[in-house]
Each structure stands twice: as structure tokens, then as C-alpha cells.
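Colleague: work_3.cif is reproduced below (mmCIF, C-alpha atoms and all ligand atoms).
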```
data_work
#
loop_
_atom_site.label_atom_id
_atom_site.label_comp_id
_atom_site.auth_asym_id
_atom_site.auth_seq_id
_atom_site.Cartn_x
_atom_site.Cartn_y
_atom_site.Cartn_z
CA MET A 1 19.79 -5.08 -3.74
CA ASN A 2 19.17 -1.51 -2.56
CA HIS A 3 15.89 -1.76 -0.65
CA SER A 4 15.42 1.91 0.08
CA LEU A 5 15.88 2.77 -3.62
CA ILE A 6 13.16 0.23 -4.49
CA HIS A 7 10.88 1.78 -1.82
CA THR A 8 11.40 5.26 -3.25
CA LYS A 9 10.84 4.20 -6.86
CA LEU A 10 7.76 2.13 -6.11
CA SER A 11 6.32 4.94 -4.01
CA LEU A 12 6.84 7.46 -6.81
CA TRP A 13 5.37 5.07 -9.37
CA TYR A 14 2.36 4.55 -7.09
CA GLU A 15 1.71 8.26 -6.69
CA GLN A 16 1.66 8.70 -10.46
CA ASN A 17 -0.21 5.56 -11.50
CA HIS A 18 -2.54 4.16 -8.84
CA ARG A 19 -6.26 3.75 -9.39
CA ILE A 20 -8.57 5.83 -7.21
CA LEU A 21 -10.67 3.32 -5.26
CA PRO A 22 -12.89 3.98 -2.24
CA TRP A 23 -11.11 1.53 0.08
CA ARG A 24 -7.86 3.39 -0.58
CA GLU A 25 -9.42 6.65 0.56
CA THR A 26 -10.16 5.39 4.06
CA ASN A 27 -8.26 3.96 7.00
CA ASP A 28 -11.39 2.42 8.53
CA PRO A 29 -10.27 -1.17 9.26
CA TYR A 30 -13.79 -2.55 8.75
CA CYS A 31 -14.10 -1.05 5.24
CA ILE A 32 -10.61 -2.27 4.34
CA TRP A 33 -11.47 -5.75 5.58
CA VAL A 34 -14.66 -5.88 3.48
CA SER A 35 -12.82 -4.70 0.36
CA GLU A 36 -10.01 -7.21 0.82
CA VAL A 37 -12.40 -10.12 1.26
CA ILE A 38 -14.42 -9.11 -1.82
CA LEU A 39 -11.27 -8.68 -3.92
CA GLN A 40 -9.80 -12.08 -2.97
CA GLN A 41 -11.43 -13.85 -5.93
CA THR A 42 -12.99 -10.94 -7.80
CA ARG A 43 -11.74 -8.38 -10.31
CA VAL A 44 -11.65 -4.76 -9.13
CA ASN A 45 -14.36 -3.53 -11.55
CA GLN A 46 -16.88 -6.13 -10.46
CA GLY A 47 -15.82 -5.93 -6.81
CA LEU A 48 -16.32 -2.16 -6.65
CA GLU A 49 -20.05 -2.40 -7.27
CA TYR A 50 -20.45 -5.14 -4.62
CA TYR A 51 -18.31 -3.22 -2.14
CA LEU A 52 -20.42 -0.06 -2.45
CA ARG A 53 -23.69 -1.98 -2.04
CA PHE A 54 -22.34 -4.01 0.88
CA ILE A 55 -20.94 -1.00 2.75
CA THR A 56 -24.16 0.96 2.21
CA ARG A 57 -26.23 -1.83 3.78
CA PHE A 58 -23.65 -2.88 6.43
CA PRO A 59 -21.70 0.32 7.13
CA ASP A 60 -19.94 -0.98 10.25
CA ILE A 61 -19.11 -4.19 12.05
CA GLU A 62 -22.11 -3.83 14.38
CA SER A 63 -24.58 -3.77 11.48
CA LEU A 64 -22.93 -6.81 9.89
CA ALA A 65 -22.92 -8.75 13.18
CA GLY A 66 -26.60 -7.93 13.75
CA ALA A 67 -27.79 -9.07 10.30
CA GLU A 68 -29.29 -12.44 9.40
CA GLU A 69 -26.90 -14.67 7.46
CA ALA A 70 -29.46 -15.06 4.66
CA GLU A 71 -29.39 -11.31 4.06
CA VAL A 72 -25.58 -11.18 4.07
CA LEU A 73 -25.53 -13.98 1.47
CA ARG A 74 -28.05 -12.09 -0.66
CA TYR A 75 -25.69 -9.12 -0.80
CA TRP A 76 -22.96 -11.55 -1.88
CA GLN A 77 -25.06 -13.22 -4.54
CA GLY A 78 -23.17 -13.57 -7.83
CA LEU A 79 -19.71 -13.07 -6.31
CA GLY A 80 -19.23 -16.81 -5.69
CA TYR A 81 -17.05 -18.37 -2.96
CA TYR A 82 -19.83 -17.82 -0.44
CA SER A 83 -17.76 -19.13 2.44
CA ARG A 84 -16.08 -15.70 2.35
CA ALA A 85 -19.36 -14.01 3.27
CA ARG A 86 -20.27 -16.61 5.89
CA ASN A 87 -16.83 -16.31 7.52
CA MET A 88 -17.01 -12.52 7.53
CA HIS A 89 -20.42 -12.62 9.18
CA GLN A 90 -19.19 -15.13 11.79
CA ALA A 91 -16.09 -13.03 12.44
CA ALA A 92 -18.17 -9.86 12.92
CA LYS A 93 -20.42 -11.65 15.41
CA ARG A 94 -17.43 -12.97 17.33
CA VAL A 95 -15.84 -9.51 17.53
CA ILE A 96 -19.04 -7.95 18.89
CA GLU A 97 -20.03 -10.81 21.22
CA ASN A 98 -16.52 -11.04 22.75
CA GLY A 99 -15.91 -7.29 22.86
CA MET A 100 -12.73 -7.70 20.79
CA GLN A 101 -10.75 -4.50 20.14
CA VAL A 102 -9.13 -5.57 16.86
CA PHE A 103 -11.26 -3.24 14.73
CA SER A 104 -11.04 -0.33 17.16
CA PRO A 105 -9.74 2.71 15.22
CA ASP A 106 -7.81 3.78 18.33
CA PRO A 107 -4.18 2.96 17.40
CA HIS A 108 -3.30 2.50 21.09
CA ALA A 109 -6.11 0.03 21.85
CA LEU A 110 -3.75 -2.92 21.18
CA SER A 111 -0.08 -3.54 20.44
CA ALA A 112 0.87 -4.26 16.81
CA GLU A 113 1.25 -7.99 17.43
CA GLU A 114 -1.96 -8.23 19.50
CA ARG A 115 -3.84 -6.55 16.65
CA TYR A 116 -2.29 -8.78 13.97
CA GLN A 117 -2.84 -12.00 15.96
CA GLY A 118 -6.37 -10.85 16.78
CA PHE A 119 -7.17 -10.56 13.07
CA LEU A 120 -5.62 -13.97 12.41
CA SER A 121 -7.81 -15.56 15.10
CA LEU A 122 -10.99 -14.67 13.19
CA PRO A 123 -12.68 -16.99 10.68
CA GLY A 124 -11.65 -16.35 7.08
CA ILE A 125 -8.73 -14.04 7.93
CA GLY A 126 -5.36 -15.43 6.89
CA GLU A 127 -1.93 -13.85 6.72
CA TYR A 128 -2.71 -11.85 3.59
CA THR A 129 -5.89 -10.21 4.93
CA ALA A 130 -4.43 -9.67 8.41
CA GLY A 131 -1.37 -7.98 6.87
CA ALA A 132 -3.53 -5.86 4.57
CA ILE A 133 -5.81 -4.55 7.35
CA ALA A 134 -2.94 -4.04 9.80
CA SER A 135 -0.80 -2.10 7.31
CA PHE A 136 -3.48 -0.14 5.41
CA ALA A 137 -5.55 0.88 8.44
CA PHE A 138 -2.85 1.20 11.12
CA ASP A 139 0.44 1.40 9.16
CA LEU A 140 1.75 -1.63 11.05
CA PRO A 141 4.83 -3.41 9.62
CA TYR A 142 3.32 -6.58 8.13
CA PRO A 143 3.51 -7.59 4.46
CA ALA A 144 0.30 -8.17 2.46
CA MET A 145 1.08 -10.85 -0.08
CA ASP A 146 -1.44 -11.34 -2.83
CA GLY A 147 -0.78 -12.97 -6.22
CA ASN A 148 0.58 -9.70 -7.62
CA VAL A 149 3.16 -9.43 -4.84
CA TYR A 150 4.28 -13.05 -5.30
CA ARG A 151 4.83 -12.32 -8.99
CA VAL A 152 6.86 -9.14 -8.40
CA LEU A 153 9.00 -10.80 -5.72
CA SER A 154 9.65 -13.92 -7.77
CA ARG A 155 10.91 -11.77 -10.68
CA LEU A 156 12.79 -9.27 -8.58
CA TYR A 157 14.72 -12.07 -6.83
CA ASP A 158 14.63 -14.48 -9.81
CA CYS A 159 13.17 -17.12 -7.52
CA GLU A 160 12.09 -20.41 -9.11
CA ILE A 161 10.64 -22.04 -5.99
CA PRO A 162 6.89 -22.63 -6.62
CA PHE A 163 5.24 -19.85 -4.64
CA ASP A 164 2.24 -22.02 -3.70
CA SER A 165 4.36 -24.86 -2.23
CA THR A 166 5.04 -25.08 1.51
CA GLU A 167 8.68 -24.23 0.97
CA GLY A 168 7.77 -21.39 -1.43
CA LYS A 169 5.31 -19.77 1.00
CA LYS A 170 7.95 -19.71 3.71
CA HIS A 171 10.66 -18.43 1.39
CA PHE A 172 8.53 -15.66 -0.16
CA ARG A 173 7.30 -14.58 3.24
CA GLN A 174 10.90 -14.08 4.30
CA LEU A 175 11.62 -12.09 1.12
CA ALA A 176 8.53 -9.97 1.75
CA TYR A 177 9.60 -9.20 5.32
CA ASP A 178 13.15 -8.37 4.12
CA LEU A 179 11.91 -5.94 1.47
CA LEU A 180 9.10 -4.36 3.54
CA ASP A 181 9.38 -0.61 4.06
CA ARG A 182 9.06 -0.45 7.84
CA LYS A 183 8.73 3.33 7.86
CA HIS A 184 5.70 3.36 5.53
CA PRO A 185 4.37 -0.22 5.40
CA GLY A 186 0.83 0.75 4.36
CA LYS A 187 1.90 2.81 1.39
CA TYR A 188 4.61 0.31 0.41
CA ASN A 189 2.14 -2.60 0.44
CA SER A 190 -0.34 -0.62 -1.67
CA ALA A 191 2.43 0.31 -4.09
CA ILE A 192 3.87 -3.17 -4.66
CA MET A 193 0.37 -4.70 -5.02
CA GLU A 194 -0.70 -2.05 -7.52
CA PHE A 195 2.62 -2.28 -9.36
CA GLY A 196 2.07 -6.02 -9.81
CA ALA A 197 -1.53 -5.49 -10.91
CA LEU A 198 -0.79 -2.77 -13.47
CA HIS A 199 2.87 -2.92 -14.52
CA CYS A 200 4.61 -6.20 -13.66
CA VAL A 201 1.69 -8.09 -15.21
CA PRO A 202 1.66 -11.87 -15.85
CA LYS A 203 2.21 -11.72 -19.62
CA SER A 204 4.79 -9.51 -21.39
CA PRO A 205 5.36 -6.83 -18.72
CA ASP A 206 6.86 -3.61 -20.03
CA CYS A 207 10.30 -4.11 -18.49
CA GLU A 208 11.87 -1.38 -20.60
CA SER A 209 9.88 1.33 -18.81
CA CYS A 210 10.05 -0.34 -15.38
CA PRO A 211 11.26 1.95 -12.58
CA ILE A 212 12.94 -0.92 -10.70
CA GLN A 213 14.45 -2.68 -13.73
CA ASN A 214 18.00 -2.08 -12.45
CA SER A 215 17.22 -4.12 -9.34
CA CYS A 216 15.35 -6.93 -11.12
CA LEU A 217 17.31 -10.19 -11.26
CA GLY A 218 14.65 -11.85 -13.43
CA TYR A 219 15.16 -9.13 -16.03
CA ALA A 220 18.95 -9.46 -15.82
CA HIS A 221 18.77 -13.26 -16.20
CA HIS A 222 16.05 -13.24 -18.95
CA THR A 223 13.72 -15.39 -16.85
CA VAL A 224 10.78 -12.95 -16.50
CA GLU A 225 8.40 -14.85 -18.78
CA TRP A 226 8.82 -18.07 -16.74
CA LEU A 227 8.16 -16.49 -13.38
CA PRO A 228 6.46 -17.00 -11.03
CA VAL A 229 6.64 -20.79 -10.91
CA ARG A 230 3.51 -22.55 -9.71
CA LYS A 231 3.11 -26.07 -8.30
CA THR A 232 1.41 -28.52 -10.67
CA ARG A 233 -2.32 -28.14 -10.29
CA THR A 234 -4.37 -30.97 -8.81
CA ALA A 235 -6.95 -32.36 -11.21
CA LEU A 236 -10.49 -31.02 -10.98
CA ARG A 237 -13.04 -33.39 -9.47
CA ASP A 238 -15.99 -34.10 -11.81
CA ARG A 239 -19.50 -34.08 -10.34
CA TYR A 240 -22.85 -34.68 -12.04
CA LEU A 241 -25.82 -32.69 -10.78
CA ASN A 242 -29.37 -33.21 -12.00
CA TYR A 243 -31.86 -30.57 -10.92
CA THR A 244 -35.61 -30.66 -11.42
CA ILE A 245 -37.44 -27.40 -11.74
CA TYR A 246 -41.11 -28.12 -11.11
CA LEU A 247 -43.45 -25.47 -12.50
CA THR A 248 -47.20 -25.26 -12.01
CA ASN A 249 -49.51 -23.34 -14.36
CA ASP A 250 -49.46 -20.36 -11.99
CA LEU A 251 -45.61 -20.56 -11.94
CA GLN A 252 -45.08 -21.95 -8.45
CA THR A 253 -41.93 -23.99 -7.91
CA LEU A 254 -39.94 -25.84 -5.23
CA ILE A 255 -36.59 -24.87 -3.72
CA TYR A 256 -34.63 -26.02 -0.69
CA ARG A 257 -31.73 -24.66 1.35
CA ARG A 258 -28.43 -26.54 1.26
CA THR A 259 -27.25 -27.45 4.73
CA GLU A 260 -24.45 -30.00 4.31
CA ASN A 261 -20.77 -29.01 4.44
CA ASP A 262 -20.33 -28.78 0.71
CA ILE A 263 -20.37 -26.12 -1.99
CA TRP A 264 -23.05 -23.40 -1.65
CA LYS A 265 -23.85 -24.11 2.01
CA HIS A 266 -26.98 -22.20 3.11
CA LEU A 267 -27.90 -21.12 -0.43
CA TYR A 268 -31.19 -22.10 -2.05
CA GLU A 269 -31.51 -24.25 -5.14
CA PHE A 270 -33.96 -26.52 -7.00
CA PRO A 271 -34.40 -30.17 -5.93
CA LEU A 272 -31.19 -32.04 -6.73
CA GLU A 273 -30.17 -35.56 -7.57
CA GLU A 274 -26.43 -36.15 -7.75
CA SER A 275 -25.32 -39.17 -9.77
CA ASN A 276 -22.26 -40.76 -11.43
CA GLN A 277 -23.23 -39.31 -14.78
CA LEU A 278 -25.95 -36.99 -16.01
CA LEU A 279 -29.42 -38.56 -16.10
CA PRO A 280 -30.59 -39.08 -19.70
CA ALA A 281 -32.47 -36.23 -21.37
CA ASP A 282 -36.14 -36.94 -22.13
CA LYS A 283 -37.58 -35.58 -25.37
CA ASN A 284 -40.85 -34.79 -23.57
CA VAL A 285 -39.14 -32.66 -20.91
CA ILE A 286 -37.25 -29.44 -21.60
CA SER A 287 -33.73 -29.62 -20.20
CA ILE A 288 -30.84 -27.17 -20.05
CA ASP A 289 -27.19 -28.23 -19.66
CA PHE A 290 -24.29 -26.32 -18.17
CA THR A 291 -20.69 -26.98 -17.29
CA HIS A 292 -19.74 -24.95 -14.24
CA ILE A 293 -16.15 -24.73 -13.01
CA LEU A 294 -15.34 -24.08 -9.37
CA SER A 295 -11.84 -23.90 -7.90
CA HIS A 296 -11.52 -27.68 -7.38
CA GLN A 297 -14.54 -29.10 -9.11
CA ARG A 298 -16.00 -29.32 -12.61
CA LEU A 299 -19.78 -29.56 -12.38
CA HIS A 300 -21.76 -31.19 -15.19
CA VAL A 301 -25.28 -29.97 -14.69
CA ARG A 302 -28.65 -30.73 -16.23
CA PHE A 303 -31.81 -28.83 -15.28
CA PHE A 304 -35.05 -30.69 -16.13
CA ILE A 305 -38.03 -28.36 -16.38
CA LYS A 306 -41.17 -30.28 -15.48
CA LYS A 307 -44.58 -28.69 -15.91
CA VAL A 308 -46.94 -30.18 -13.32
CA SER A 309 -50.50 -29.57 -12.22
CA GLU A 310 -49.51 -30.03 -8.56
CA LEU A 311 -46.13 -29.76 -6.87
CA PRO A 312 -44.85 -33.05 -5.38
CA LEU A 313 -44.10 -33.32 -1.67
CA ILE A 314 -40.31 -33.35 -1.25
CA PRO A 315 -38.74 -33.21 2.23
CA ASN A 316 -37.19 -29.81 3.17
CA CYS A 317 -38.53 -28.11 0.02
CA ILE A 318 -40.60 -24.95 0.21
CA ILE A 319 -43.10 -23.64 -2.34
CA VAL A 320 -42.29 -20.24 -3.84
CA SER A 321 -43.37 -18.36 -6.92
CA PHE A 322 -40.88 -18.41 -9.77
CA ALA A 323 -41.04 -14.60 -9.90
CA SER A 324 -39.96 -14.30 -6.24
CA LEU A 325 -36.76 -16.36 -6.60
CA ASP A 326 -34.74 -13.13 -6.68
CA ASP A 327 -35.60 -12.69 -2.97
CA TYR A 328 -33.52 -15.77 -2.05
CA ALA A 329 -29.76 -16.20 -1.86
CA LEU A 330 -28.94 -18.41 -4.85
CA SER A 331 -25.74 -19.80 -6.33
CA ARG A 332 -24.47 -18.32 -9.58
CA LEU A 333 -25.30 -21.62 -11.30
CA THR A 334 -28.96 -21.44 -10.18
CA LEU A 335 -29.11 -17.81 -11.35
CA ARG A 336 -27.79 -18.87 -14.77
CA ALA A 337 -30.55 -21.49 -15.03
CA ILE A 338 -33.25 -19.01 -14.00
CA GLU A 339 -32.04 -16.48 -16.58
CA SER A 340 -32.17 -19.15 -19.29
CA ILE A 341 -35.66 -20.20 -18.27
CA ARG A 342 -36.93 -16.62 -18.31
CA ARG A 343 -35.84 -16.47 -21.94
CA ILE A 344 -38.02 -19.48 -22.86
CA ASP A 345 -41.35 -17.86 -23.79
CA SER A 346 -43.43 -21.04 -23.48
CA ILE A 347 -42.44 -21.28 -19.80
CA SER A 348 -42.57 -17.73 -18.55
CA GLU A 349 -45.85 -16.89 -20.29
S1 LIG A 401 11.88 -5.38 -14.85
FE1 LIG A 401 10.07 -6.38 -15.65
S2 LIG A 401 9.89 -8.25 -14.45
FE2 LIG A 401 11.32 -6.93 -13.35
S3 LIG A 401 10.00 -5.87 -11.87
FE3 LIG A 401 10.14 -4.58 -13.70
S4 LIG A 401 8.34 -5.14 -14.95
FE4 LIG A 401 8.62 -6.75 -13.40
#
```
Please render this file's structure as C-alpha cells.
Modeller:
Amino acid sequence: MNHSLIHTKLSLWYEQNHRILPWRETNDPYCIWVSEVILQQTRVNQGLEYYLRFITRFPDIESLAGAEEAEVLRYWQGLGYYSRARNMHQAAKRVIENGMQVFSPDPHALSAEERYQGFLSLPGIGEYTAGAIASFAFDLPYPAMDGNVYRVLSRLYDCEIPFDSTEGKKHFRQLAYDLLDRKHPGKYNSAIMEFGALHCVPKSPDCESCPIQNSCLGYAHHTVEWLPVRKTRTALRDRYLNYTIYLTNDLQTLIYRRTENDIWKHLYEFPLEESNQLLPADKNVISIDFTHILSHQRLHVRFFIKKVSELPLIPNCIIVSFASLDDYALSRLTLRAIESIRRIDSISE
């Protein structure tokens, strides 16, 4: 396989086809970090709006480190996977408190390996994010392997090892290092990621117009549609969550902040009772049901809306007006329930 020909063709393809996105127009490592964390589980269109809002409010690592976690979570609200925001906030604080140089724009502040290992030492930064910041901001020779890159590599090398297995991760990492363009690692990483996102797509890629078709073993062996191979998924864990939304006549309600090491840590929600199955609906109480899928869990959820003359005393709960709920960091599920309730005239009147 002619690596330098692949570099040239991918680079040309990138120049002609890449999307113009704000994090590609900068080499500020902080901005690149924020964009990469947002894009880990989020599509570009949705992520762009969050990125712009986040960077406007927290334009540098100092402002992020100095913010309250609750505010950071509010800016993340709706993106899901809140541990990403908590980790980023923790990492920013650690960098500032310890005077770490990893985000210093001075290219000579640290050696390449010190910089890369420094990123890896921070909460929430794994090999992908460390490689992305190091190569995009400083042009350091580390691969950035997201799902798009795994797909392109598996087809290019016709590799049937499941990319998410221990053996697969090691093998693909070696392939990525072998193919990396060490003269222009930042541009090469951008090009192969964008090529996977826009051209070598999961279903029916347009191989006939592909600039690297001549090098693609998957194309030559007619295995493209089967690649990449993924490990069998573990079954989702079912959970049953029963929430009670108490509402007084003047639309006061109760919420509490989750503290345990579980989903939605530090977000607010309505009083919860978790059980082995959903509690039975009551014809005298309005209830709303949802099924909510997270990466490893399937949540069966019932919200009971109880109109009361006085709010009960429940440990750790605070009284807030229903209208002010938007001021709190809430899970996407809680937001869905609130939106549904606002559409029920008899409640919001
Ligand atoms: S030939 Fe098809 S499968 Fe191979 S890299 Fe190009 S688009 Fe992807």
C-alpha cells in the first residue's frame, strides 16, 4: 500500500470537500478540546450550536475552571452524557490549580510526548481526544481515531477484527500509526475523519468515485458492506423509574439534586421512586409514560402529576416554581416531561 499516495489523495479530497466549521478555523487547543468533547456523542449540526454558546460563555480554560459546576451543566443541558461536562470542568480546574502547561499555545512549552501524556492524565481525555488536540492544535504526530477512522481503516485494510475488542483496538491503533502522515498529522487526521464522515459512510459508500479506491482492499475483496466488524453488543439493562410531580395551585413543585454515582449525577429532577416494574397508573392521577434509551440502559419511566394543596416534606427536596425549572440543570428526560406537561392546559393554566 502506497501511504504517501493515500496522504496526497486524501489531502486533495479534503481541500475540495470539507465542511467549514469554527473549530477547524482555529489552532487554540482549548477550543479544539471543547469541540471534540461535544462531538463525541453529538451530530455536528446540533453540536455547533452548543459549541458556540459554550465558547461564548467560557472562552478560555480560566473561565471554565472558575465557573460553578451547576452553570457548566446548564450550558450542557440537552446534550446528554453529562459526565463529559463534569470531566471537562474538573480537568480545567486541575490544569489551572496545578499550573499545567498542556494547553499553553507556546509549541516549545513541552515536548510532544509530555504534551500528549499531559492531556491523557486529565479526566475525560482518552487517546482519541489527546490525539485530536495534539495533532490539530500543535501538528504533533498522533492519530485521532474516531468511529469514522475505524471504518475507513477497516475497509482500506479489509480487517475483520472487531474494532471495539481489546485485540481490535490494539491492531487498529497500529494501523493508524503506520498510515499516519508524520509531515502533516493535523491535516491528515482532519482529512481521514472527514472522509469517513462524508464519503466512506456506513451504508453504501460511493466506491466508484472514491479517490483511494485503488488502495482499498475491502473494495477489491467485495467486503465493504460487512466492514467494520463490531463486537456483539451487551444487552441493555432495564430500569423502572416512577417520578411524582407535585403541583400546588400556584404552580410550586419539588425537585432534588442527584448525588449518587449513577446516571445524571448533579442534575435536578422530580422526586423519584425506582422499582422492579412501573407503579400502576391511577385513573384519578394524570400520568405520562416514556421509554428513554441510554448507552447501556433502557429506562421505563412514569411521571405521576399530583395536584396538592400543600407540598409534602421530602428529604433533600427544594421548593421551586414550575415556571423557573428552566434555571436548573435538568436531564433530557426531565425536560421531555416538562414539555409534555406544559402542553396540558388543565395543568399550566
Ligand atoms: S473504495 Fe469504498 S470502502 Fe474503500 S475507502 Fe473508498 S469509499 Fe471507502
Colleague: May I ask which of the residues A:Ser4, A:Gln213, A:Asn17, A:Gln101 is the closest one to ligand LIG 401 (chain A), counting only C-alpha atoms and all ligand atoms?
Modeller: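 For ligand LIG 401 (chain A), the nearest of the given residues is A:Gln213.
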Colleague: Have a look at A:Met100, A:Ala197, A:Leu110, A:Ile133 and name the one nearest to ligand LIG 401 (chain A); count only C-alpha atoms and all ligand atoms.
Modeller: A:Ala197
Colleague: Can you pull out every residue with an atom within 6 Å of ligand LIG 401 (chain A)? Use only C-alpha atoms and all ligand atoms and format it as number ranges by chain.
Modeller: A: 152, 155-156, 199-200, 205-207, 210, 212-213, 216, 218-219, 224
Colleague: With all atoms listed in the file as the atoms that count, which of A:Asn316, A:Gln277, A:Thr129, A:Ser121 lies nearest to Pro29 of chain A?
Modeller: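 Among the listed residues, the smallest separation from Pro29 of chain A belongs to A:Thr129.
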Colleague: Could you please determine the separation between atom CA of Val301 of chain A and atom CA of Arg237 of chain A in Å, to one decimal place?
Modeller: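 We find that atom CA of Val301 of chain A and atom CA of Arg237 of chain A lie 13.7 Å from each other.
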Colleague: Determine the nearest neighbour of Glu25 of chain A from the options A:Val149, A:Ala85, A:Ala137, A:Leu267, counting all atoms listed in the file.
Modeller: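 The shortest atom-to-atom distance to Glu25 of chain A comes from A:Ala137.
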Colleague: A:Ile305, A:Leu251, A:Ala134, A:Leu227: which is nearest Asp289 of chain A, counting only C-alpha atoms?
Modeller: A:Ile305
Colleague: What does the distance between atom CA of His300 of chain A and atom CA of Tyr240 of chain A come to in Å, to one decimal place?
Modeller: 4.8 Å
Colleague: Could you work out how far atom CA of Ala67 of chain A lies from atom CA of Ile38 of chain A, giving the answer in Å with one decimal?
Modeller: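 So the answer is 18.0 Å.
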Colleague: For Gln77 of chain A, which residue among A:Lys203, A:Arg298, A:Arg19, A:His266 is the nearest when counting all atoms listed in the file?
Modeller: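 The answer is A:His266, which sits nearest to Gln77 of chain A.
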Colleague: Within 7 Å of Leu247 of chain A, counting all atoms listed in the file, which residues show up once you throw out same-chain ones fewer than 3 positions away? Write them as a CSV table (one decimal) with C-alpha atoms, in the frame of the given file, please.
Modeller:
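Ended up saving to out_31.csv:
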```
chain,number,residue,atom,x,y,z
A,251,LEU,CA,-45.6,-20.6,-11.9
A,252,GLN,CA,-45.1,-22.0,-8.4
A,253,THR,CA,-41.9,-24.0,-7.9
A,306,LYS,CA,-41.2,-30.3,-15.5
A,307,LYS,CA,-44.6,-28.7,-15.9
A,308,VAL,CA,-46.9,-30.2,-13.3
```
Colleague: Please export segment 206-228 of chain A as a short mmCIF file (atom, residue, chain, number, x, y, z; two decimals), in the first residue's frame, restricted to N, CA and C atoms.
Modeller:
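The new file out-v1.cif reads:
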```cif
data_model
loop_
_atom_site.label_atom_id
_atom_site.label_comp_id
_atom_site.auth_asym_id
_atom_site.auth_seq_id
_atom_site.Cartn_x
_atom_site.Cartn_y
_atom_site.Cartn_z
N ASP A 206 -19.97 5.52 -1.88
CA ASP A 206 -19.80 5.64 -3.32
C ASP A 206 -18.35 5.27 -3.69
N CYS A 207 -18.10 3.97 -3.76
CA CYS A 207 -16.74 3.49 -4.02
C CYS A 207 -16.28 3.84 -5.43
N GLU A 208 -17.24 3.97 -6.35
CA GLU A 208 -16.83 4.22 -7.74
C GLU A 208 -16.13 5.57 -7.88
N SER A 209 -16.54 6.55 -7.07
CA SER A 209 -15.90 7.87 -7.19
C SER A 209 -14.85 8.09 -6.10
N CYS A 210 -14.45 7.02 -5.42
CA CYS A 210 -13.53 7.18 -4.28
C CYS A 210 -12.09 7.43 -4.74
N PRO A 211 -11.45 8.47 -4.19
CA PRO A 211 -10.09 8.78 -4.64
C PRO A 211 -9.04 7.74 -4.22
N ILE A 212 -9.37 6.91 -3.21
CA ILE A 212 -8.36 5.93 -2.77
C ILE A 212 -8.83 4.49 -3.06
N GLN A 213 -9.74 4.38 -4.01
CA GLN A 213 -10.29 3.05 -4.35
C GLN A 213 -9.19 2.06 -4.72
N ASN A 214 -8.17 2.53 -5.47
CA ASN A 214 -7.11 1.62 -5.92
C ASN A 214 -6.33 1.00 -4.76
N SER A 215 -6.36 1.67 -3.60
CA SER A 215 -5.62 1.15 -2.44
C SER A 215 -6.53 0.34 -1.51
N CYS A 216 -7.82 0.30 -1.79
CA CYS A 216 -8.77 -0.24 -0.81
C CYS A 216 -8.94 -1.75 -0.97
N LEU A 217 -8.45 -2.51 0.03
CA LEU A 217 -8.55 -3.97 -0.04
C LEU A 217 -9.99 -4.44 0.14
N GLY A 218 -10.77 -3.71 0.94
CA GLY A 218 -12.18 -4.07 1.12
C GLY A 218 -12.93 -4.00 -0.20
N TYR A 219 -12.62 -2.96 -0.98
CA TYR A 219 -13.26 -2.82 -2.29
C TYR A 219 -12.82 -3.98 -3.20
N ALA A 220 -11.53 -4.26 -3.19
CA ALA A 220 -11.00 -5.32 -4.06
C ALA A 220 -11.59 -6.69 -3.70
N HIS A 221 -11.85 -6.89 -2.40
CA HIS A 221 -12.34 -8.21 -1.94
C HIS A 221 -13.87 -8.25 -1.79
N HIS A 222 -14.56 -7.19 -2.17
CA HIS A 222 -16.04 -7.11 -2.08
C HIS A 222 -16.55 -7.31 -0.65
N THR A 223 -15.83 -6.74 0.32
CA THR A 223 -16.25 -6.92 1.72
C THR A 223 -16.72 -5.61 2.36
N VAL A 224 -16.79 -4.54 1.55
CA VAL A 224 -17.06 -3.20 2.11
C VAL A 224 -18.33 -3.17 2.98
N GLU A 225 -19.40 -3.78 2.49
CA GLU A 225 -20.68 -3.68 3.21
C GLU A 225 -20.63 -4.37 4.58
N TRP A 226 -19.68 -5.28 4.79
CA TRP A 226 -19.63 -6.00 6.07
C TRP A 226 -18.70 -5.32 7.08
N LEU A 227 -18.01 -4.31 6.62
CA LEU A 227 -16.99 -3.70 7.48
C LEU A 227 -17.44 -2.31 7.95
N PRO A 228 -17.08 -1.88 9.12
CA PRO A 228 -16.25 -2.59 10.10
C PRO A 228 -17.07 -3.60 10.89
#
```
